[in-house]
Amino acid sequence: MGLLSLFGCSTEREEKTRLVYTNQAIFNHGFVANQVSNTKYTFWSFIPKNLFEQFGRFMNLYFLMIAMLQWWSVITPVSPVATWAPLLFIFFISALKEFVDDYKRHVQDRLANLRRYLVLKNGQFVMLESQQIMVGDILKIQCDEEIPCDIVVISTSEEDGTCYIQTSNLDGETDLKLRQTVAETRKMKDSLSLSAFKGMIECAIPNAEIYKFDSRMKMSPQEQVCNISLSEKQLLLQATHLRNTEYAVGVAVYTGNETKIGMNRTKPPVKWTKQDSLINKFTFAIFIFQLSLVFTFGLIGNFWEMNRGSMMWYLRIDKHRSFIDWIIPPLRFLLLNSMMIPISLKVTLDIVKYLYAKFIDWDERMFDPETEKHAVATSTAISEDLGQIEYIFTDKTGTLTENKMMFSRCTIRGTLYGARFVEDSALDDPKLRESVEEANPFTLDFFRNLALCHSVVISKLIVPPESHRLSIRSNKSSRSNNSHRESAEWSHFKASSPDEEALVKAAAKMGIVFTASDSNNIEIEINGVTETYEKLFVLEFTSERKRMSVIVKNLASGRIRLFTKGADEVILPRLYEMEEGHGAHDYLEKFAREGLRTLCIAQRDITEEVYHRWVALYNKAATSLEHRTAKLGEVYDAIEKELTLVGTTAIEDKLQENVPDTIQALREAHIRIWMLTGDKYSTAVEIATSCNLISSLSNEADNLLHISGRSENEAVSSLLEMNENALHLSDAGREIFVIIEGLTLQYVVNHPIFADIGMLAHTVICCRVTPQQKAQVVAVIKNRGKRTLAIGDGGNDVSMIYEAHVGVGIAGREGLQASRSADYSIGKFYFLKRLILLHGRWSYIRTSFIAQYCFYKSLLICLIQLLFAFHNGFSGSSFFNTFCLTAYNIVFTGVPILFHILDRDSPAETILNSPSMYLETQSGSRFSAWTYVGWVLRAFFQAAMAFYIPLWTFSNFSTFPSVGGESLGGEALSMVSYTSLIFINTWTIITESSTLTFLNHLVLWGTISVYFILFMFLSLIRTLLGVWGQLTMDPNFWLSVGLTTVVTAVPISVIKLWNSSLFDRESGLHKMPF
């Protein structure tokens, strides 16, 4: 409390703020050092933490219990190796994967922590490792260096205190962002003045709000209040790079994992596929079935021992049984049938899913030559969900369109330019150029607005300042040679928004050229004459404000003016009461119907008195630590009024290549598509029509249902009315298109009827929506049990990408935020057709077979064990030895099934040219309770044949060979049955595969060869398998194996043949589950 009193700052927010002192390290206690750690484990915690996580899974815990019970020799029918070997193998593979991933993170952390920076210590800058930086340290960042922590910049190499950062590591945007110091500190450049700086920064506690830094500062302890406002404009974020500036000096305010980017490091949501849910349900069903068998056979075993076993003296069964004696038979059957739940299922699926993702990465047909990037599968766990998508939610700008803006039309005080032909640009209209040359005041103000009101940065090269430095002086020298720049030079305009870049370039082409800017001034040229303005305030654009304004003062005339541009719904209501719209509404509607993006251009003259009163309000709001954004919004509203409308702009954003064809194919695959955009109603409808989202709109206008309402009652009433219309249209078999705006959506998004009408509609368009509303809309359909996919290209699409079952990001001009957050990243929208229809189909069909086969082959061998119980007095003895059980799971059935990932049920061209084939996978017909029952019935039938045919063939045990005079009938019978199992499993994979490559044949027949060679070798060194050599010499062995294989294969093949002839594969109907 004494320190706070000393510095004279408010203490009411002590618990919500952080106080950072410069050159007073003693006061900065309790803050973490700048050591970055993104690892999941430490050296000591890896083994216990990883084991804890693995045993947190039900299946692993189940097999651990089985493995522990097998150490009890009284109840175990086989060696513990039968369970421990595969269990340890699975644990090792999972742990190895975690270790490799975490080690990679450790290496990256170490590189970042050991990077060296200039830090002010004892009056001079010394080189320290990044991990040694502490809160309150003053750092000197050199050009092109990565910022090690969150820093408040206090001075730079530029006289005006400006610097530029590149945020590609945060959002993928390569354009430069301007940062500037406050006037009070920008002269502190040398070590002496910096060492004497005893200021204090009051900022929020560490938080994840990257674009917000509502803070304040005081220069010395003697000052009574913290009266210097700080914002995100003074903050250099960790992981960004300093560009076009020789150096920047700043104070570390957030370090280590407490930086803003560190606080944003959260795990993406865990996504489960539809097949994962089914697998969990089937696993539970098998577990219940297993328990019922355990209790049934255990009970029969107990009664058999009491009634019949007790009469067999050689069994030495005591009639007086203890509790332990009663539970031994059930436990023996539990261990005997533990393989019924396939222990290898998870590892098998992890491997094949990883390879599905690599197939997507390696697909050359999804390579984008423009960005030189392949498709990337960030998630390796949900590829099969791509084959079951029912709803797609897509952004518009940059996703359906190219996000390459072209200045197309404009109006200036009611005069339309660029209207002769659709392809004409206003910039080629001779009347507009003539108006500029004649210095028409409104025309010049129109383009003056475009050249002054923006956040564009001039950057020819991103190089150190020795060769080029962005400043007014350097730009002046370059201007002197050629005042009218060609478009080649205008390409050096860099903007975070393609719209802004297009507008500034349009003004430049008309002779009103933005030439230079710093923290104080901005310069433009109008027909070769330089105009310099003092940059008083920039009221920045936000998605909530939907407008941007600048307040500037002409240094020559002293005239203060506000220039603003924004959406019509926020600009037109702010016009001066006597101001006429000059037909703006009609023009804006016309532009929107052409699919153009529109803006209104307005201005206002401000008197000195009005300006100074407003500045007082602004300063009060800007130094507030609570609700600063809301307070500034109110202050902005106070000045952005009584505007004069100068004109409107219309920018064209062309559709990406093949978008209409892609959407048509997806619609033919019975996928419903919703477009979620921030554009206005008319623009959204026009784009939806041009890209086939809405078909034949001009002839069927009654099919477009517009839900509207400016209040909750109006919105709900409109929703109910449109739902009635939708039901009538649905009954008539007509297509339904629904459109709703964000203002109305906020009232009805959680109304159950909204989901109903959305699921009836073939296309839904949500316009003027916010990022949060996009996610809410996705959740509405997702919660109805439908499989959803969201695709976008910008940071405003991340929330819906996270919300959907599958998120796809396009690496576009709005940065890489969407593609980095998505499960899949692609370069163009039309790649979505191949991703869903082809890769989705193949992944779904492959996983359907692999998962059900794993259940089937485990159930098959366990059922034979149970059949053997009818012939051994229900003792719970194992029919197969330990080695056979272990090898069956890992080698003889585990390896061949992995190569089913090469299977292709149909050629790629056939699938892409027949989108209706997608119905089969979308409906889940390959993997359902129906198909699962079919595999269970197959296992029952084949298990009975694999046990009783060998038993019938060798009807008399005395015909079996013997070793040392002792009959090995039981072991020999098990080997005959086991060999039959190997052939049955091989034949099953062959007949269920649509494509068998050379590699498939090599593995399948190679497995059988390895089986015979391995067992022949083991028969030479193990007495247990000594029967093998004699057994293979007996013709009955080959007869039994051959007969078993034929009898088990022929009925299944006949059913499959009948099934395929009765049901067309493309019909999407359920087939017999075989």
# chains A, B, ... in the order shown; residues from 1 in each chain; ligands from 1

call {"tool": "residues_around", "arguments": {"residues": "region 602-604 of chain A", "least_positions_apart": "2", "cutoff": "10 Å", "atoms": "only C-alpha atoms", "output": "short mmCIF file (atom, residue, chain, number, x, y, z; two decimals) with N, CA, C and O atoms, in the first residue's frame"}}
result
data_model
loop_
_atom_site.label_atom_id
_atom_site.label_comp_id
_atom_site.auth_asym_id
_atom_site.auth_seq_id
_atom_site.Cartn_x
_atom_site.Cartn_y
_atom_site.Cartn_z
N ASP A 445 -12.62 15.66 -52.57
CA ASP A 445 -12.86 15.23 -51.19
C ASP A 445 -13.13 13.73 -51.12
O ASP A 445 -12.74 13.05 -50.16
N PHE A 446 -13.80 13.20 -52.15
CA PHE A 446 -14.08 11.76 -52.20
C PHE A 446 -12.77 10.97 -52.18
O PHE A 446 -12.57 10.07 -51.35
N ASN A 449 -10.61 11.47 -49.04
CA ASN A 449 -11.05 10.57 -47.97
C ASN A 449 -10.36 9.21 -48.11
O ASN A 449 -9.83 8.66 -47.13
N SER A 549 -12.73 6.26 -39.00
CA SER A 549 -12.66 7.71 -39.18
C SER A 549 -11.28 8.22 -38.83
O SER A 549 -10.56 7.60 -38.03
N VAL A 550 -10.90 9.35 -39.45
CA VAL A 550 -9.68 10.07 -39.06
C VAL A 550 -10.05 11.53 -38.87
O VAL A 550 -10.89 12.08 -39.59
N ILE A 551 -9.43 12.14 -37.88
CA ILE A 551 -9.56 13.59 -37.68
C ILE A 551 -8.20 14.18 -38.00
O ILE A 551 -7.19 13.84 -37.37
N ILE A 560 -9.80 21.80 -39.69
CA ILE A 560 -9.94 20.50 -39.05
C ILE A 560 -11.13 19.78 -39.66
O ILE A 560 -12.24 20.33 -39.72
N ARG A 561 -10.88 18.54 -40.11
CA ARG A 561 -11.95 17.79 -40.76
C ARG A 561 -11.94 16.34 -40.28
O ARG A 561 -10.89 15.79 -39.90
N LEU A 562 -13.12 15.73 -40.29
CA LEU A 562 -13.27 14.31 -40.00
C LEU A 562 -13.65 13.61 -41.31
O LEU A 562 -14.60 14.02 -41.97
N PHE A 563 -12.88 12.62 -41.67
CA PHE A 563 -13.19 11.79 -42.83
C PHE A 563 -13.58 10.40 -42.32
O PHE A 563 -12.88 9.82 -41.48
N THR A 564 -14.67 9.88 -42.83
CA THR A 564 -15.12 8.57 -42.38
C THR A 564 -15.62 7.74 -43.55
O THR A 564 -16.09 8.27 -44.56
N LYS A 565 -15.50 6.44 -43.41
CA LYS A 565 -16.03 5.50 -44.39
C LYS A 565 -16.54 4.29 -43.63
O LYS A 565 -15.98 3.90 -42.59
N GLY A 566 -17.62 3.67 -44.13
CA GLY A 566 -18.16 2.52 -43.43
C GLY A 566 -19.40 1.99 -44.09
O GLY A 566 -19.80 2.41 -45.18
N ILE A 571 -23.45 4.66 -41.45
CA ILE A 571 -23.10 6.00 -41.94
C ILE A 571 -24.36 6.82 -42.23
O ILE A 571 -24.47 7.98 -41.80
N LEU A 572 -25.32 6.28 -42.93
CA LEU A 572 -26.50 7.05 -43.34
C LEU A 572 -27.29 7.60 -42.14
O LEU A 572 -27.74 8.76 -42.20
N ARG A 574 -26.11 8.76 -39.55
CA ARG A 574 -25.30 9.81 -38.92
C ARG A 574 -25.16 11.06 -39.78
O ARG A 574 -24.38 11.94 -39.48
N LEU A 575 -25.90 11.09 -40.88
CA LEU A 575 -25.83 12.26 -41.76
C LEU A 575 -26.50 13.46 -41.11
O LEU A 575 -27.40 13.33 -40.28
N TYR A 576 -26.06 14.64 -41.53
CA TYR A 576 -26.67 15.89 -41.09
C TYR A 576 -28.15 15.88 -41.47
O TYR A 576 -28.52 15.38 -42.54
N LEU A 599 -19.44 0.69 -49.63
CA LEU A 599 -19.10 1.55 -48.51
C LEU A 599 -19.67 2.94 -48.78
O LEU A 599 -19.81 3.36 -49.94
N CYS A 600 -19.95 3.64 -47.70
CA CYS A 600 -20.35 5.04 -47.80
C CYS A 600 -19.18 5.92 -47.39
O CYS A 600 -18.46 5.61 -46.42
N ILE A 606 -14.96 20.44 -38.53
CA ILE A 606 -15.02 20.56 -37.06
C ILE A 606 -14.37 21.87 -36.66
O ILE A 606 -13.23 22.18 -37.06
N THR A 607 -15.08 22.66 -35.84
CA THR A 607 -14.52 23.92 -35.35
C THR A 607 -13.53 23.64 -34.22
O THR A 607 -13.54 22.56 -33.61
N ILE A 639 -18.56 12.45 -32.02
CA ILE A 639 -17.93 13.25 -33.08
C ILE A 639 -18.33 12.77 -34.47
O ILE A 639 -18.32 13.54 -35.44
N GLU A 640 -18.69 11.49 -34.57
CA GLU A 640 -19.07 10.93 -35.88
C GLU A 640 -20.56 11.15 -36.13
O GLU A 640 -21.35 10.21 -36.23
N LYS A 641 -20.95 12.40 -36.24
CA LYS A 641 -22.35 12.74 -36.49
C LYS A 641 -22.39 14.03 -37.31
O LYS A 641 -21.35 14.65 -37.57
N GLU A 642 -23.60 14.39 -37.75
CA GLU A 642 -23.77 15.58 -38.60
C GLU A 642 -22.84 15.51 -39.81
O GLU A 642 -22.17 16.46 -40.18
N LEU A 643 -22.80 14.31 -40.41
CA LEU A 643 -21.90 14.06 -41.53
C LEU A 643 -22.52 14.52 -42.85
O LEU A 643 -23.74 14.61 -43.00
N THR A 644 -21.64 14.78 -43.80
CA THR A 644 -22.05 15.07 -45.18
C THR A 644 -21.64 13.89 -46.04
O THR A 644 -20.47 13.50 -46.06
N LEU A 645 -22.61 13.31 -46.73
CA LEU A 645 -22.33 12.15 -47.59
C LEU A 645 -21.69 12.64 -48.88
O LEU A 645 -22.29 13.43 -49.62
N VAL A 646 -20.49 12.18 -49.15
CA VAL A 646 -19.78 12.56 -50.36
C VAL A 646 -20.06 11.57 -51.49
O VAL A 646 -20.22 11.95 -52.65
N GLY A 647 -20.12 10.30 -51.16
CA GLY A 647 -20.37 9.31 -52.20
C GLY A 647 -20.37 7.90 -51.67
O GLY A 647 -20.38 7.68 -50.45
N THR A 648 -20.35 6.96 -52.58
CA THR A 648 -20.33 5.53 -52.23
C THR A 648 -19.31 4.83 -53.12
O THR A 648 -19.00 5.30 -54.22
#

call {"tool": "residues_around", "arguments": {"residues": "Ile261 (chain A)", "least_positions_apart": "2", "cutoff": "12 Å", "atoms": "only C-alpha atoms", "output": "MDAnalysis selection string"}}
result
chainID A and resid 36 38 147:150 167 169:171 206:211 236:240 254:259 263:266

call {"tool": "closest_atom_pairs", "arguments": {"of": "region 885-961 of chain A", "to": "region 281-302 of chain A", "cutoff": "12 Å", "atoms": "only C-alpha atoms", "output": "CSV"}}
result
residue,atom,partner,partner_atom,distance
A:Phe927,CA,A:Phe282,CA,10.9
A:Ser928,CA,A:Phe282,CA,9.6
A:Ala929,CA,A:Phe282,CA,8.2
A:Trp930,CA,A:Phe282,CA,11.5
A:Thr931,CA,A:Phe282,CA,11.5
A:Tyr932,CA,A:Phe282,CA,8.2
A:Val933,CA,A:Phe282,CA,10.0
A:Trp935,CA,A:Phe282,CA,11.8
A:Val936,CA,A:Ile286,CA,10.1

call {"tool": "write_last_selection", "arguments": {"atoms": "N, CA and C atoms", "output": "compact mmCIF listing (two decimals), in the first residue's frame"}}
result
# COMPACT_ATOMS: atom_id res chain seq x y z
N PHE A 927 -21.17 -48.90 -41.52
CA PHE A 927 -20.80 -49.12 -40.13
C PHE A 927 -21.97 -48.71 -39.24
N SER A 928 -22.73 -49.69 -38.81
CA SER A 928 -23.91 -49.43 -38.01
C SER A 928 -24.18 -50.64 -37.13
N ALA A 929 -25.20 -50.54 -36.30
CA ALA A 929 -25.57 -51.69 -35.46
C ALA A 929 -25.94 -52.88 -36.34
N TRP A 930 -26.55 -52.60 -37.49
CA TRP A 930 -26.96 -53.65 -38.42
C TRP A 930 -25.75 -54.38 -38.98
N THR A 931 -24.76 -53.64 -39.46
CA THR A 931 -23.57 -54.29 -40.02
C THR A 931 -22.76 -54.97 -38.93
N TYR A 932 -22.74 -54.39 -37.74
CA TYR A 932 -22.00 -54.98 -36.63
C TYR A 932 -22.58 -56.34 -36.24
N VAL A 933 -23.91 -56.43 -36.22
CA VAL A 933 -24.57 -57.70 -35.93
C VAL A 933 -24.19 -58.73 -36.98
N TRP A 935 -21.35 -58.96 -38.60
CA TRP A 935 -20.01 -59.46 -38.29
C TRP A 935 -20.03 -60.41 -37.09
N VAL A 936 -20.87 -60.13 -36.12
CA VAL A 936 -20.99 -61.02 -34.96
C VAL A 936 -21.53 -62.38 -35.39

call {"tool": "residues_around", "arguments": {"residues": "region 214-220 of chain A", "least_positions_apart": "3", "cutoff": "6 Å", "atoms": "only C-alpha atoms", "output": "MDAnalysis selection string"}}
result
chainID A and resid 198:203 223 226 228:231 625

call {"tool": "write_last_selection", "arguments": {"atoms": "all heavy atoms", "output": "compact mmCIF listing (two decimals), in the first residue's frame"}}
result
# COMPACT_ATOMS: atom_id res chain seq x y z
N LYS A 198 12.44 6.54 -14.18
CA LYS A 198 11.88 5.85 -13.00
C LYS A 198 10.36 5.88 -13.06
O LYS A 198 9.67 6.34 -12.15
CB LYS A 198 12.36 6.53 -11.71
CG LYS A 198 13.86 6.67 -11.58
CD LYS A 198 14.51 5.33 -11.32
CE LYS A 198 16.02 5.52 -11.07
NZ LYS A 198 16.70 4.22 -10.86
N GLY A 199 9.83 5.39 -14.15
CA GLY A 199 8.38 5.44 -14.33
C GLY A 199 7.68 4.19 -13.83
O GLY A 199 8.30 3.26 -13.30
N MET A 200 6.36 4.22 -14.00
CA MET A 200 5.56 3.06 -13.61
C MET A 200 4.42 2.88 -14.61
O MET A 200 3.80 3.85 -15.05
CB MET A 200 4.97 3.24 -12.22
CG MET A 200 4.27 1.98 -11.69
SD MET A 200 3.08 2.32 -10.39
CE MET A 200 1.78 3.10 -11.34
N ILE A 201 4.20 1.62 -14.98
CA ILE A 201 3.12 1.27 -15.90
C ILE A 201 2.07 0.48 -15.13
O ILE A 201 2.40 -0.51 -14.46
CB ILE A 201 3.64 0.44 -17.08
CG1 ILE A 201 4.66 1.26 -17.88
CG2 ILE A 201 2.51 -0.02 -17.97
CD1 ILE A 201 5.38 0.46 -18.95
N GLU A 202 0.84 0.92 -15.21
CA GLU A 202 -0.27 0.19 -14.60
C GLU A 202 -1.06 -0.48 -15.73
O GLU A 202 -1.65 0.19 -16.58
CB GLU A 202 -1.18 1.14 -13.82
CG GLU A 202 -2.30 0.40 -13.08
CD GLU A 202 -3.18 1.35 -12.28
OE1 GLU A 202 -3.00 2.57 -12.37
OE2 GLU A 202 -4.07 0.83 -11.56
N CYS A 203 -1.04 -1.80 -15.74
CA CYS A 203 -1.71 -2.54 -16.80
C CYS A 203 -2.52 -3.68 -16.19
O CYS A 203 -2.42 -3.96 -14.99
CB CYS A 203 -0.69 -3.10 -17.81
SG CYS A 203 0.58 -4.14 -17.08
N GLU A 223 4.81 12.34 -9.69
CA GLU A 223 3.52 12.60 -10.33
C GLU A 223 2.40 11.97 -9.52
O GLU A 223 2.53 10.85 -9.04
CB GLU A 223 3.52 12.07 -11.77
CG GLU A 223 4.51 12.79 -12.67
CD GLU A 223 4.43 12.28 -14.11
OE1 GLU A 223 3.46 11.54 -14.40
OE2 GLU A 223 5.31 12.62 -14.91
N CYS A 226 -1.55 8.60 -12.80
CA CYS A 226 -1.06 7.96 -14.03
C CYS A 226 -1.87 8.55 -15.18
O CYS A 226 -2.95 8.06 -15.50
CB CYS A 226 -1.25 6.45 -13.95
SG CYS A 226 -0.40 5.66 -12.57
N ILE A 228 -0.84 9.19 -18.48
CA ILE A 228 -0.43 8.90 -19.84
C ILE A 228 -1.13 7.61 -20.29
O ILE A 228 -0.92 6.55 -19.71
CB ILE A 228 1.09 8.74 -19.95
CG1 ILE A 228 1.80 10.02 -19.48
CG2 ILE A 228 1.50 8.41 -21.39
CD1 ILE A 228 3.30 9.88 -19.41
N SER A 229 -1.97 7.73 -21.28
CA SER A 229 -2.74 6.59 -21.75
C SER A 229 -1.88 5.69 -22.64
O SER A 229 -1.15 6.16 -23.51
CB SER A 229 -3.96 7.07 -22.54
OG SER A 229 -4.65 5.98 -23.11
N LEU A 230 -1.98 4.38 -22.40
CA LEU A 230 -1.31 3.39 -23.23
C LEU A 230 -2.37 2.46 -23.82
O LEU A 230 -3.36 2.14 -23.17
CB LEU A 230 -0.31 2.57 -22.41
CG LEU A 230 0.84 3.32 -21.73
CD1 LEU A 230 1.67 2.36 -20.89
CD2 LEU A 230 1.73 3.99 -22.77
N SER A 231 -2.12 2.01 -25.04
CA SER A 231 -3.05 1.08 -25.69
C SER A 231 -2.25 0.04 -26.45
O SER A 231 -1.01 -0.02 -26.35
CB SER A 231 -3.99 1.84 -26.63
OG SER A 231 -3.26 2.31 -27.75
N LEU A 625 -9.32 2.57 -16.99
CA LEU A 625 -8.93 1.17 -16.99
C LEU A 625 -10.12 0.24 -17.03
O LEU A 625 -9.99 -0.94 -17.34
CB LEU A 625 -8.08 0.86 -15.75
CG LEU A 625 -6.67 1.46 -15.71
CD1 LEU A 625 -5.96 1.01 -14.45
CD2 LEU A 625 -5.87 1.07 -16.94

call {"tool": "closest_residue", "arguments": {"among": "A:Ile151, A:Ala592, A:Leu902, A:Val1047", "to": "Ala944 (chain A)", "atoms": "only C-alpha atoms"}}
result
A:Val1047

call {"tool": "residues_around", "arguments": {"residues": "region 717-734 of chain A", "least_positions_apart": "5", "cutoff": "9 Å", "atoms": "only C-alpha atoms", "output": "list in words"}}
result
Asn703, Leu705, His706, Ile707, Ser708, Gly709, Glu712, Val748, Ile753, Phe754, Asp756, Ile757, Leu760 and Ala761 of chain A

call {"tool": "write_last_selection", "arguments": {"atoms": "N, CA, C and O atoms", "output": "mmCIF file, in the first residue's frame"}}
result
data_model
loop_
_atom_site.group_PDB
_atom_site.id
_atom_site.type_symbol
_atom_site.label_atom_id
_atom_site.label_comp_id
_atom_site.auth_asym_id
_atom_site.auth_seq_id
_atom_site.Cartn_x
_atom_site.Cartn_y
_atom_site.Cartn_z
ATOM 1 N N ASN A 703 -39.497 -18.855 -53.182
ATOM 2 C CA ASN A 703 -38.716 -19.875 -52.474
ATOM 3 C C ASN A 703 -37.722 -19.269 -51.498
ATOM 4 O O ASN A 703 -37.187 -19.972 -50.648
ATOM 5 N N LEU A 705 -37.092 -17.359 -48.426
ATOM 6 C CA LEU A 705 -37.821 -16.967 -47.220
ATOM 7 C C LEU A 705 -36.946 -16.060 -46.369
ATOM 8 O O LEU A 705 -35.892 -16.473 -45.881
ATOM 9 N N HIS A 706 -37.380 -14.814 -46.207
ATOM 10 C CA HIS A 706 -36.604 -13.812 -45.476
ATOM 11 C C HIS A 706 -37.162 -13.666 -44.064
ATOM 12 O O HIS A 706 -38.283 -13.195 -43.862
ATOM 13 N N ILE A 707 -36.381 -14.110 -43.084
ATOM 14 C CA ILE A 707 -36.764 -13.947 -41.677
ATOM 15 C C ILE A 707 -36.252 -12.585 -41.225
ATOM 16 O O ILE A 707 -35.046 -12.318 -41.257
ATOM 17 N N SER A 708 -37.131 -11.712 -40.793
ATOM 18 C CA SER A 708 -36.732 -10.351 -40.434
ATOM 19 C C SER A 708 -37.432 -9.912 -39.165
ATOM 20 O O SER A 708 -38.441 -10.495 -38.748
ATOM 21 N N GLY A 709 -36.916 -8.862 -38.567
ATOM 22 C CA GLY A 709 -37.499 -8.315 -37.349
ATOM 23 C C GLY A 709 -36.469 -7.539 -36.564
ATOM 24 O O GLY A 709 -35.355 -8.021 -36.358
ATOM 25 N N GLU A 712 -37.521 -8.688 -30.682
ATOM 26 C CA GLU A 712 -37.703 -10.122 -30.461
ATOM 27 C C GLU A 712 -39.080 -10.593 -30.920
ATOM 28 O O GLU A 712 -39.215 -11.636 -31.566
ATOM 29 N N VAL A 748 -33.500 -15.153 -32.518
ATOM 30 C CA VAL A 748 -34.112 -16.449 -32.824
ATOM 31 C C VAL A 748 -33.127 -17.603 -32.893
ATOM 32 O O VAL A 748 -33.532 -18.745 -33.094
ATOM 33 N N ILE A 753 -37.587 -23.520 -33.466
ATOM 34 C CA ILE A 753 -38.129 -23.439 -34.829
ATOM 35 C C ILE A 753 -37.041 -23.019 -35.820
ATOM 36 O O ILE A 753 -37.082 -23.405 -36.995
ATOM 37 N N PHE A 754 -36.055 -22.256 -35.354
ATOM 38 C CA PHE A 754 -34.974 -21.839 -36.257
ATOM 39 C C PHE A 754 -34.199 -23.056 -36.760
ATOM 40 O O PHE A 754 -33.855 -23.144 -37.945
ATOM 41 N N ASP A 756 -35.468 -26.038 -36.953
ATOM 42 C CA ASP A 756 -36.400 -26.786 -37.797
ATOM 43 C C ASP A 756 -36.411 -26.251 -39.224
ATOM 44 O O ASP A 756 -36.304 -27.014 -40.189
ATOM 45 N N ILE A 757 -36.549 -24.942 -39.371
ATOM 46 C CA ILE A 757 -36.602 -24.366 -40.710
ATOM 47 C C ILE A 757 -35.244 -24.463 -41.390
ATOM 48 O O ILE A 757 -35.155 -24.644 -42.607
ATOM 49 N N LEU A 760 -35.000 -27.856 -42.876
ATOM 50 C CA LEU A 760 -35.864 -28.016 -44.039
ATOM 51 C C LEU A 760 -35.240 -27.368 -45.271
ATOM 52 O O LEU A 760 -35.421 -27.849 -46.390
ATOM 53 N N ALA A 761 -34.508 -26.281 -45.047
ATOM 54 C CA ALA A 761 -33.977 -25.489 -46.166
ATOM 55 C C ALA A 761 -32.835 -26.212 -46.865
ATOM 56 O O ALA A 761 -32.065 -26.944 -46.251
#

call {"tool": "select_by_dssp", "arguments": {"residues": "region 63-199 of chain A", "states": "helix (DSSP H, G or I)", "output": "ChimeraX atom specification"}}
result
/A:63-69,81-114,130-132,168-171,191-195

call {"tool": "residues_around", "arguments": {"residues": "Phe447 (chain A)", "least_positions_apart": "6", "cutoff": "12 Å", "atoms": "only C-alpha atoms", "output": "MDAnalysis selection string"}}
result
chainID A and resid 410:412 427 432:433 435:436 439:441 453:454 503:514 524:527 563:565 601:603 646:649

call {"tool": "atom_distance", "arguments": {"atom1": "CA of Ile360 (chain A)", "atom2": "CA of Leu345 (chain A)"}}
result
22.8 Å

call {"tool": "closest_atom_pairs", "arguments": {"of": "region 246-281 of chain A", "to": "region 773-797 of chain A", "cutoff": "12 Å", "atoms": "only C-alpha atoms", "output": "tab-separated table"}}
result
residue	atom	partner	partner_atom	distance
A:Lys271	CA	A:Arg787	CA	11.7
A:Trp272	CA	A:Arg787	CA	11.1
A:Thr273	CA	A:Arg787	CA	9.1
A:Lys274	CA	A:Arg787	CA	8.1
A:Gln275	CA	A:Arg787	CA	11.6

call {"tool": "residues_around", "arguments": {"residues": "Glu657 (chain A)", "least_positions_apart": "4", "cutoff": "10 Å", "atoms": "only C-alpha atoms", "output": "list in words"}}
result
Leu400, Thr401, Glu402, Asp661, Thr662, Lys828, Phe829 and Tyr830 of chain A

call {"tool": "write_last_selection", "arguments": {"atoms": "N, CA and C atoms", "output": "tab-separated table (two decimals), in the first residue's frame"}}
result
chain	number	residue	atom	x	y	z
A	400	LEU	N	-15.37	-18.29	-50.61
A	400	LEU	CA	-16.02	-18.48	-51.91
A	400	LEU	C	-15.45	-17.51	-52.94
A	401	THR	N	-15.00	-16.35	-52.46
A	401	THR	CA	-14.43	-15.35	-53.36
A	401	THR	C	-12.91	-15.31	-53.21
A	402	GLU	N	-12.26	-14.60	-54.12
A	402	GLU	CA	-10.79	-14.56	-54.13
A	402	GLU	C	-10.21	-13.63	-53.08
A	661	ASP	N	-19.24	-25.06	-59.61
A	661	ASP	CA	-19.23	-26.50	-59.87
A	661	ASP	C	-19.05	-27.30	-58.59
A	662	THR	N	-18.20	-26.80	-57.70
A	662	THR	CA	-17.97	-27.50	-56.42
A	662	THR	C	-19.23	-27.53	-55.58
A	828	LYS	N	-7.65	-23.70	-51.88
A	828	LYS	CA	-8.78	-23.20	-52.64
A	828	LYS	C	-10.05	-23.92	-52.19
A	829	PHE	N	-11.19	-23.24	-52.37
A	829	PHE	CA	-12.46	-23.83	-51.96
A	829	PHE	C	-12.77	-25.09	-52.74
A	830	TYR	N	-12.43	-25.12	-54.04
A	830	TYR	CA	-12.82	-26.27	-54.84
A	830	TYR	C	-12.09	-27.55	-54.43

call {"tool": "select_by_dssp", "arguments": {"residues": "region 239-451 of chain A", "states": "strand (DSSP E or B)", "output": "number ranges by chain"}}
result
A: 241-243, 247-254, 368, 373, 376-377, 391-394, 401-412, 415-417

call {"tool": "atom_distance", "arguments": {"atom1": "CA of Val81 (chain A)", "atom2": "CA of Lys353 (chain A)"}}
result
28.4 Å

call {"tool": "atom_distance", "arguments": {"atom1": "CA of Ala715 (chain A)", "atom2": "CA of Phe737 (chain A)"}}
result
17.5 Å
